[in-house]
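This is data-v2.pdb. It holds PDB, C-alpha atoms.
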MODEL        1
ATOM      1  CA  LEU B   1      95.410   5.683  96.725
ATOM      2  CA  TYR B   2      96.485   2.085  97.157
ATOM      3  CA  SER B   3      95.090  -1.004  98.892
ATOM      4  CA  MET B   4      91.778   0.533  99.854
ATOM      5  CA  VAL B   5      89.394  -1.998 101.340
ATOM      6  CA  GLY B   6      86.402  -2.106 103.625
ATOM      7  CA  ASN B   7      84.205   0.783 102.529
ATOM      8  CA  VAL B   8      82.357  -0.688  99.537
ATOM      9  CA  TRP B   9      83.093  -3.472  97.049
ATOM     10  CA  GLU B  10      84.939  -1.857  94.149
ATOM     11  CA  TRP B  11      83.257  -2.517  90.797
ATOM     12  CA  THR B  12      85.923  -3.093  88.106
ATOM     13  CA  SER B  13      85.817  -3.480  84.336
ATOM     14  CA  ASP B  14      87.478  -6.914  84.533
ATOM     15  CA  ALA B  15      85.400  -9.917  83.498
ATOM     16  CA  PHE B  16      84.767 -12.545  86.189
ATOM     17  CA  PRO B  17      84.546 -16.238  85.190
ATOM     18  CA  SER B  18      80.945 -17.436  85.192
ATOM     19  CA  GLN B  19      79.561 -20.966  85.120
ATOM     20  CA  ASN B  20      76.736 -19.701  82.910
ATOM     21  CA  PRO B  21      78.192 -18.801  79.473
ATOM     22  CA  HIS B  22      75.102 -16.671  78.734
ATOM     23  CA  GLU B  23      75.747 -14.311  81.674
ATOM     24  CA  GLN B  24      78.513 -11.743  81.758
ATOM     25  CA  HIS B  25      79.907 -11.197  85.233
ATOM     26  CA  MET B  26      82.065  -8.258  86.251
ATOM     27  CA  THR B  27      84.628  -8.379  89.050
ATOM     28  CA  LEU B  28      84.073  -6.789  92.441
ATOM     29  CA  LYS B  29      87.161  -6.490  94.600
ATOM     30  CA  GLY B  30      88.087  -5.664  98.165
ATOM     31  CA  GLY B  31      85.105  -6.053 100.448
ATOM     32  CA  SER B  32      82.722  -3.689 102.207
ATOM     33  CA  PHE B  33      81.651  -2.437 105.601
ATOM     34  CA  ILE B  34      79.468  -5.529 106.119
ATOM     35  CA  ASP B  35      82.422  -7.931 105.651
ATOM     36  CA  SER B  36      85.006  -9.022 108.205
ATOM     37  CA  ILE B  37      88.793  -8.938 108.066
ATOM     38  CA  ASP B  38      89.052 -12.654 108.927
ATOM     39  CA  GLY B  39      86.013 -13.905 106.982
ATOM     40  CA  ALA B  40      84.201 -14.915 110.185
ATOM     41  CA  PHE B  41      81.014 -13.403 108.754
ATOM     42  CA  ASN B  42      80.031 -12.641 105.186
ATOM     43  CA  HIS B  43      83.213 -12.248 103.054
ATOM     44  CA  LYS B  44      86.871 -11.865 103.952
ATOM     45  CA  ALA B  45      87.729  -8.209 103.300
ATOM     46  CA  THR B  46      91.224  -8.073 101.792
ATOM     47  CA  VAL B  47      92.818  -6.309  98.818
ATOM     48  CA  VAL B  48      92.931  -9.635  96.933
ATOM     49  CA  THR B  49      89.334 -10.751  97.568
ATOM     50  CA  ARG B  50      87.339 -11.015  94.329
ATOM     51  CA  MET B  51      83.687 -11.756  93.622
ATOM     52  CA  GLY B  52      81.562 -11.803  90.466
ATOM     53  CA  ILE B  53      78.446  -9.730  89.882
ATOM     54  CA  THR B  54      76.114  -9.356  86.911
ATOM     55  CA  ALA B  55      75.981  -6.002  85.130
ATOM     56  CA  ASP B  56      72.394  -5.367  86.246
ATOM     57  CA  SER B  57      73.169  -5.876  89.944
ATOM     58  CA  GLY B  58      73.843  -3.248  92.551
ATOM     59  CA  SER B  59      73.655  -2.722  96.277
ATOM     60  CA  TYR B  60      74.352  -0.202  99.013
ATOM     61  CA  ASN B  61      77.735  -1.833  99.610
ATOM     62  CA  THR B  62      79.113  -1.600  96.033
ATOM     63  CA  GLY B  63      80.697   1.362  94.311
ATOM     64  CA  PHE B  64      83.422   2.352  91.901
ATOM     65  CA  ARG B  65      86.542   4.496  91.955
ATOM     66  CA  CYS B  66      87.436   6.953  89.219
ATOM     67  CA  ALA B  67      91.115   6.621  88.430
ATOM     68  CA  SER B  68      93.431   7.863  85.741
ATOM     69  CA  GLY B  69      96.934   6.786  84.927
ATOM     70  CA  VAL B  70      99.506   5.981  82.320
ATOM     71  CA  GLY B  71      98.725   2.886  80.288
ATOM     72  CA  GLY B  72      94.992   2.899  80.717
ATOM     73  CA  GLY B  73      94.901   0.100  83.280
ATOM     74  CA  GLY B  74      93.077  -3.137  82.662
ATOM     75  CA  ARG B  75      94.486  -6.588  82.297
ATOM     76  CA  ALA B  76      95.620  -8.614  79.373
ATOM     77  CA  PRO B  77      92.996 -11.119  78.216
ATOM     78  CA  GLN B  78      93.235 -14.546  79.803
ATOM     79  CA  PRO B  79      94.803 -17.276  77.649
ATOM     80  CA  ASP B  80      92.334 -19.540  75.877
ATOM     81  CA  GLN B  81      91.798 -22.683  77.993
ATOM     82  CA  ALA B  82      91.314 -24.959  74.964
ATOM     83  CA  GLN B  83      94.541 -23.687  73.419
ATOM     84  CA  MET B  84      96.457 -24.261  76.656
ATOM     85  CA  GLN B  85      95.028 -27.793  76.960
ATOM     86  CA  LYS B  86      96.151 -28.556  73.401
ATOM     87  CA  ILE B  87      99.662 -27.204  74.093
ATOM     88  CA  LEU B  88      99.855 -29.282  77.286
ATOM     89  CA  GLU B  89      98.754 -32.467  75.498
ATOM     90  CA  GLU B  90     101.139 -31.976  72.574
ATOM     91  CA  GLY B  91     104.228 -30.574  74.305
ATOM     92  CA  GLY B  92     103.842 -31.208  78.004
ATOM     93  CA  VAL B  93     104.369 -28.925  80.967
ATOM     94  CA  GLU B  94     107.538 -27.381  79.512
ATOM     95  CA  ALA B  95     105.715 -26.279  76.332
ATOM     96  CA  LEU B  96     102.889 -24.771  78.388
ATOM     97  CA  GLN B  97     105.347 -22.866  80.579
ATOM     98  CA  GLU B  98     107.088 -21.555  77.466
ATOM     99  CA  PHE B  99     103.715 -20.435  76.045
ATOM    100  CA  LEU B 100     102.776 -18.618  79.263
ATOM    101  CA  GLY B 101     106.222 -17.070  79.748
ATOM    102  CA  ASP B 102     106.662 -15.024  82.916
ATOM    103  CA  LYS B 103     102.901 -14.455  83.311
ATOM    104  CA  ALA B 104     102.328 -17.689  85.228
ATOM    105  CA  SER B 105     104.006 -20.721  86.731
ATOM    106  CA  VAL B 106     102.934 -24.202  85.738
ATOM    107  CA  MET B 107     103.179 -26.658  88.626
ATOM    108  CA  THR B 108     101.949 -30.073  89.576
ATOM    109  CA  PRO B 109      99.327 -30.514  92.314
ATOM    110  CA  THR B 110     102.107 -31.716  94.643
ATOM    111  CA  GLN B 111     104.159 -28.585  93.968
ATOM    112  CA  LEU B 112     101.090 -26.391  94.541
ATOM    113  CA  GLU B 113     100.307 -28.118  97.860
ATOM    114  CA  ALA B 114     103.924 -27.670  98.993
ATOM    115  CA  MET B 115     103.854 -23.974  98.113
ATOM    116  CA  GLN B 116     100.520 -23.457  99.906
ATOM    117  CA  SER B 117     101.774 -25.340 102.962
ATOM    118  CA  ALA B 118     104.962 -23.237 103.123
ATOM    119  CA  ARG B 119     102.918 -20.043 102.776
ATOM    120  CA  LYS B 120     100.540 -21.147 105.550
ATOM    121  CA  GLN B 121     103.448 -21.969 107.859
ATOM    122  CA  ALA B 122     105.003 -18.555 107.183
ATOM    123  CA  GLN B 123     101.709 -16.827 108.011
ATOM    124  CA  GLN B 124     101.378 -18.785 111.265
ATOM    125  CA  GLN B 125     104.914 -17.811 112.276
ATOM    126  CA  GLU B 126     104.053 -14.128 111.739
ATOM    127  CA  LEU B 127     101.231 -14.437 114.271
TER     128      LEU B 127
ENDMDL
END
Rewrite the structure of this file - the entire thing - as structure tokens.
Amino acid sequence: LYSMVGNVWEWTSDAFPSQNPHEQHMTLKGGSFIDSIDGAFNHKATVVTRMGITADSGSYNTGFRCASGVGGGGRAPQPDQAQMQKILEEGGVEALQEFLGDKASVMTPTQLEAMQSARKQAQQQEL
């Protein structure tokens, strides 16, 4: 099954960034039956929507999916932010891009805004 969304929030084993370093948040993805496809009420229910939840939380609109596959799933750990900052300060954007490899693209705020604008225009043309 692929791209399932809209029944219940899918509880995953991925960590979700938390502003409180003493709380561990897990990632919920997708959305549930109380969300809307356009985000007009509650959350926007899409396959890329993510939300954090503490391990002791639960609700009638969260669940999990049992899945099995080659490779065991999961994601590689996120790069250390302090290490990336140090690389950026010492070697610049090029050194940071080399460190990240193909996993990510380093871009300036202007480049990011241009990419987001182009994506928004493409979405509007599809409508």
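Distance cut-off 9 Å, centre (78.6, -10.2, 86.7), atoms counted all atoms listed in the file; the residues meeting this are Ala15, Phe16, Pro17, Ser18, Glu23, Gln24, His25, Met26, Thr27, Leu28, Met51, Gly52, Ile53, Thr54, Ala55, Asp56 and Ser57 of chain B.
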Handout entry: Residues near B:Arg65, cut-off 9 Å, all atoms listed in the file, skip fewer than 3 positions along chain, as number ranges by chain
Key = B: 10-12
Selection above as a file: C-alpha atoms, as a CSV table (one decimal), keeping the file's coordinate frame:
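Contents of the output file result_26.csv:
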chain,number,residue,atom,x,y,z
B,10,GLU,CA,84.9,-1.9,94.1
B,11,TRP,CA,83.3,-2.5,90.8
B,12,THR,CA,85.9,-3.1,88.1
Exercise for the section: To one decimal in Å, tell me the separation between atom CA of B:Glu90 and atom CA of B:Asp102. Expected result: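 If I compute the distance from atom CA of B:Glu90 to atom CA of B:Asp102, I get 20.6 Å.
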Exercise for the section: Determine the residue set returned by the PyMOL selection byres ((chain B and resi 103) around 12) for the present structure, and present it as a list in words. Expected result: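 That expression, the PyMOL selection byres ((chain B and resi 103) around 12), corresponds here to Arg75, Ala76, Pro77, Gln78, Pro79, Leu96, Gln97, Glu98, Phe99, Leu100, Gly101, Asp102, Ala104, Ser105 and Val106 of chain B.
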Counting only C-alpha atoms, which residues have an atom no more than 9 Å from (80.7, -0.5, 102.4) in the file's coordinates? Please list them as a PDB file with C-alpha atoms, in the frame of the given file.
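Final output, point25.pdb:
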ATOM      1  CA  VAL B   5      89.394  -1.998 101.340  1.00  0.00           C
ATOM      2  CA  GLY B   6      86.402  -2.106 103.625  1.00  0.00           C
ATOM      3  CA  ASN B   7      84.205   0.783 102.529  1.00  0.00           C
ATOM      4  CA  VAL B   8      82.357  -0.688  99.537  1.00  0.00           C
ATOM      5  CA  TRP B   9      83.093  -3.472  97.049  1.00  0.00           C
ATOM      6  CA  GLY B  31      85.105  -6.053 100.448  1.00  0.00           C
ATOM      7  CA  SER B  32      82.722  -3.689 102.207  1.00  0.00           C
ATOM      8  CA  PHE B  33      81.651  -2.437 105.601  1.00  0.00           C
ATOM      9  CA  ILE B  34      79.468  -5.529 106.119  1.00  0.00           C
ATOM     10  CA  ASP B  35      82.422  -7.931 105.651  1.00  0.00           C
ATOM     11  CA  TYR B  60      74.352  -0.202  99.013  1.00  0.00           C
ATOM     12  CA  ASN B  61      77.735  -1.833  99.610  1.00  0.00           C
ATOM     13  CA  THR B  62      79.113  -1.600  96.033  1.00  0.00           C
ATOM     14  CA  GLY B  63      80.697   1.362  94.311  1.00  0.00           C
TER      15      GLY B  63
END
Practice task
Excluding B:Thr108 and any residue of its chain fewer than 5 positions from it, enumerate the residues within 10 Å of it, using all atoms listed in the file, and give them as a list in words.
Solution key: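 So, after excluding close chain neighbours, the residues are Val93, Glu113 and Ala114 of chain B.
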Exercise for the section: Record the distance separating atom CA of B:Val48 and atom CA of B:Gly30, expressed in Å with one decimal. Expected result: 6.4 Å
Handout entry: Atom-to-atom span, atom CA of B:Arg50 and atom CA of B:Asp14, Å
Key =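 Rounded to one decimal, the two atoms are 10.6 Å apart.
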Each side padded by 6 Å, which centre and which edge lengths in Å (one decimal) define the axis-aligned box around the listed atoms of stretch 26-44 of chain B? Give them as JSON.
{"center_x": 84.3, "center_y": -8.7, "center_z": 98.2, "size_x": 21.6, "size_y": 24.5, "size_z": 35.9}
